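Take a look at the structure below.
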Amino acid sequence: MKLADRVNKIQPSPTLAIDAKAKALKAQGVDVIGFGAGEPDFDTPANIREAGKKAIDTGFTRYMPVGGADDLKDAIIAKMKKDHGLEYSRDEISVACGAKHTLYNISQALIQEGDEVIIPAPYWVSYPDQVVLAGGTPVFIETGEETAFKITPAQLEKAVTPRTKALIINSPCNPTGTSYTEEELKAIGQVCLKHDFLIISDDIYERLIYDGLKFANIVQVVPELKSRTVVVNGVSKTYAMTGWRIGYACGPKELIGAMTKMQSQSTSNATSIAQKASVEALNGPQEAVAAMKVEFEKRRTYIVERLNAMPGVTCFRSTGAFYVFPNFSAVYGKSFNGKAISNSTDFAAYLLEEAKVALVPGVAFGADKYARLSYAISMENIKKGMDRIEEAIKNLK
């Protein structure tokens with residue numbers, strides 16, 4: 001069978017692959033500490049679960065408008081007004097099967113052959129592949145620990161060409177956990193005002209931000225960009241609803257309409273039951289979110305301190321999401337039982353085989369010196385995992 005060429009242009013999600021491998025080993029009885037998954041380890045709050053059950057019991061199980069139910073759109077509109085001071089109408093809102101699906105719809109509706117999309121690196125693994133699937137070309141801006149993994153206005157200006165169609169900003173960021181300040185976004189926004197391209201603001205981790213920092217997106221600090229910015233969000237990370245698959249976009253009516261049109265020929269509406277649960281998530285009590293954030297911040301502080309105490313390892317103090325992105329490149333060139341560690345893939349394989357620790361190699365995010373660890377696991381397992389990594393590094397020759 002000859003498959004379409006586009007299949008060979010992309011790779012399966014490495015984060016999901018690592019998580020699946022760790023779960024398979026656990027199912028075989030192997031004691032694996034999995035730092036790979038990008039999902040909260042908390043249960044969906046009870047009030048949200050009850051709303052989903054009620055939707056089933058009251059027969060809310062039919063087809064719905066492709067772009068989302070009106071009550072969910074209204075809840076999103078109210079949330080954007082309350083949290084960010086941004087005003088949208090129903091025809092500027094699109095609901096899809098998760099934020100990943102939302103981003104895919106944006107790429108399919110916006111990007112075509114010859115278009116370039118600027119992506120800061122390290123980047124979430126799906127950004128480049130979604131651009132490639134739409135026929136576009138990813139243009140990467142490299143960042144590092146010395147700039148807290150943030151792009152500068154000068155870097156952005158240099159990356160812009162006549163073919164630039166969009167810029168993706170993810171703050172707080174997966175995989176680095178870095179967060180842009182209002183001042184930094186304002187400076188980037190001034191560059192964006194000079195050029196005619198769309199800004200894709202991926203805000204999926206907006207409620208998970210630490211050290212007393214205040215979240216902001218680029219539209220809040222540069223309101224003039226609203227007409228050419230699409231804000232992407234969802235309920236997965238904030239409300240521990242990864243499996244419910246609800247994401248949404250707020251943006252220009254023309255683009256939102258095109259995204260809905262594309263979705264009408266793929267998934268149709270996102271699950272009706274999950275949409276009802278998401279209305280409760282956005283409109284209901286938020287105490288569970290605050291409690292989850294407190295716990296994540298404790299874990300972040302511990303894991304960063306442990307990693308920085310390991311010989312040769314440096315770890316940026318992340319300020320958001322639930323990831324750390326340590327630099328393990330000091331161990332490259334060493335070996336274990338005659339097998340050399342040459343890159344992040346080798347190191348990840350070594351940890352999984354010898355230490356029974358699963359993490360995602362940094363090469364998947366465009367940064368081979370690093371690896372991503374999610375601290376969306378219990379503190380007990382974090383401590384056990386840190387002990388294993390520390391011992392594994394000491395065993396390298």
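How things are named: the first chain in the structure tokens is A, the next is B, and so on; residues count from 1 in each chain; ligands count from 1 in the order shown.
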
Polymer residues at most 9 Å from Glu305 in chain A, only C-alpha atoms, same-chain spacing of 4 or more positions, as a count of residues only: 5

Write down as number ranges by chain the residues of range 138-319 of chain A whose backbone DSSP state falls under strand (DSSP E or B). A: 138-142, 164-170, 198-202, 209, 229-234, 247-250, 314

Write out the residues from the selection above, keeping C-alpha atoms, as an mmCIF file, in the first residue's frame.
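Dumped to again_22.cif:
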data_model
loop_
_atom_site.group_PDB
_atom_site.id
_atom_site.type_symbol
_atom_site.label_atom_id
_atom_site.label_comp_id
_atom_site.auth_asym_id
_atom_site.auth_seq_id
_atom_site.Cartn_x
_atom_site.Cartn_y
_atom_site.Cartn_z
ATOM 1 C CA PRO A 138 8.527 26.212 10.404
ATOM 2 C CA VAL A 139 11.099 28.942 11.129
ATOM 3 C CA PHE A 140 12.753 28.418 14.504
ATOM 4 C CA ILE A 141 14.147 31.072 16.835
ATOM 5 C CA GLU A 142 16.681 29.411 19.122
ATOM 6 C CA THR A 164 5.845 35.043 7.417
ATOM 7 C CA LYS A 165 2.242 34.023 8.040
ATOM 8 C CA ALA A 166 2.190 33.573 11.815
ATOM 9 C CA LEU A 167 4.088 33.608 15.100
ATOM 10 C CA ILE A 168 3.346 31.097 17.859
ATOM 11 C CA ILE A 169 3.739 32.246 21.468
ATOM 12 C CA ASN A 170 3.298 29.672 24.247
ATOM 13 C CA LEU A 198 -1.149 36.398 12.659
ATOM 14 C CA ILE A 199 -0.172 35.754 16.279
ATOM 15 C CA ILE A 200 -1.186 32.412 17.774
ATOM 16 C CA SER A 201 -1.195 32.759 21.558
ATOM 17 C CA ASP A 202 -1.268 29.304 23.174
ATOM 18 C CA ILE A 209 2.052 30.204 36.933
ATOM 19 C CA THR A 229 -4.337 37.382 17.199
ATOM 20 C CA VAL A 230 -6.039 34.077 17.936
ATOM 21 C CA VAL A 231 -5.966 32.984 21.575
ATOM 22 C CA VAL A 232 -5.980 29.221 22.142
ATOM 23 C CA ASN A 233 -6.967 27.638 25.439
ATOM 24 C CA GLY A 234 -8.866 24.703 26.901
ATOM 25 C CA GLY A 247 -10.241 23.258 23.593
ATOM 26 C CA TYR A 248 -11.230 26.608 22.166
ATOM 27 C CA ALA A 249 -10.036 29.586 20.173
ATOM 28 C CA CYS A 250 -10.946 33.264 20.427
ATOM 29 C CA THR A 314 21.796 22.605 35.300
#

If you count only C-alpha atoms, the residue of A:Met379, A:Cys173, A:Ala348, A:Ala96 closest to Ala321 in chain A turns out to be A:Cys173

Would you give me, as an MDAnalysis selection string, the residues in range 73-291 of chain A that DSSP reads as alpha helix (DSSP H)? chainID A and resid 73:84 99:110 126:133 153:159 182:194 218:221 253:264 272:283 287:291

Pick out the residues sitting within 12 Å of Ala46 in chain A, and hand them over as an MDAnalysis selection string; count only C-alpha atoms, and ignore anything fewer than 2 positions along from it in its own chain. chainID A and resid 42:44 48:53 239:241 277 280:281 284:288
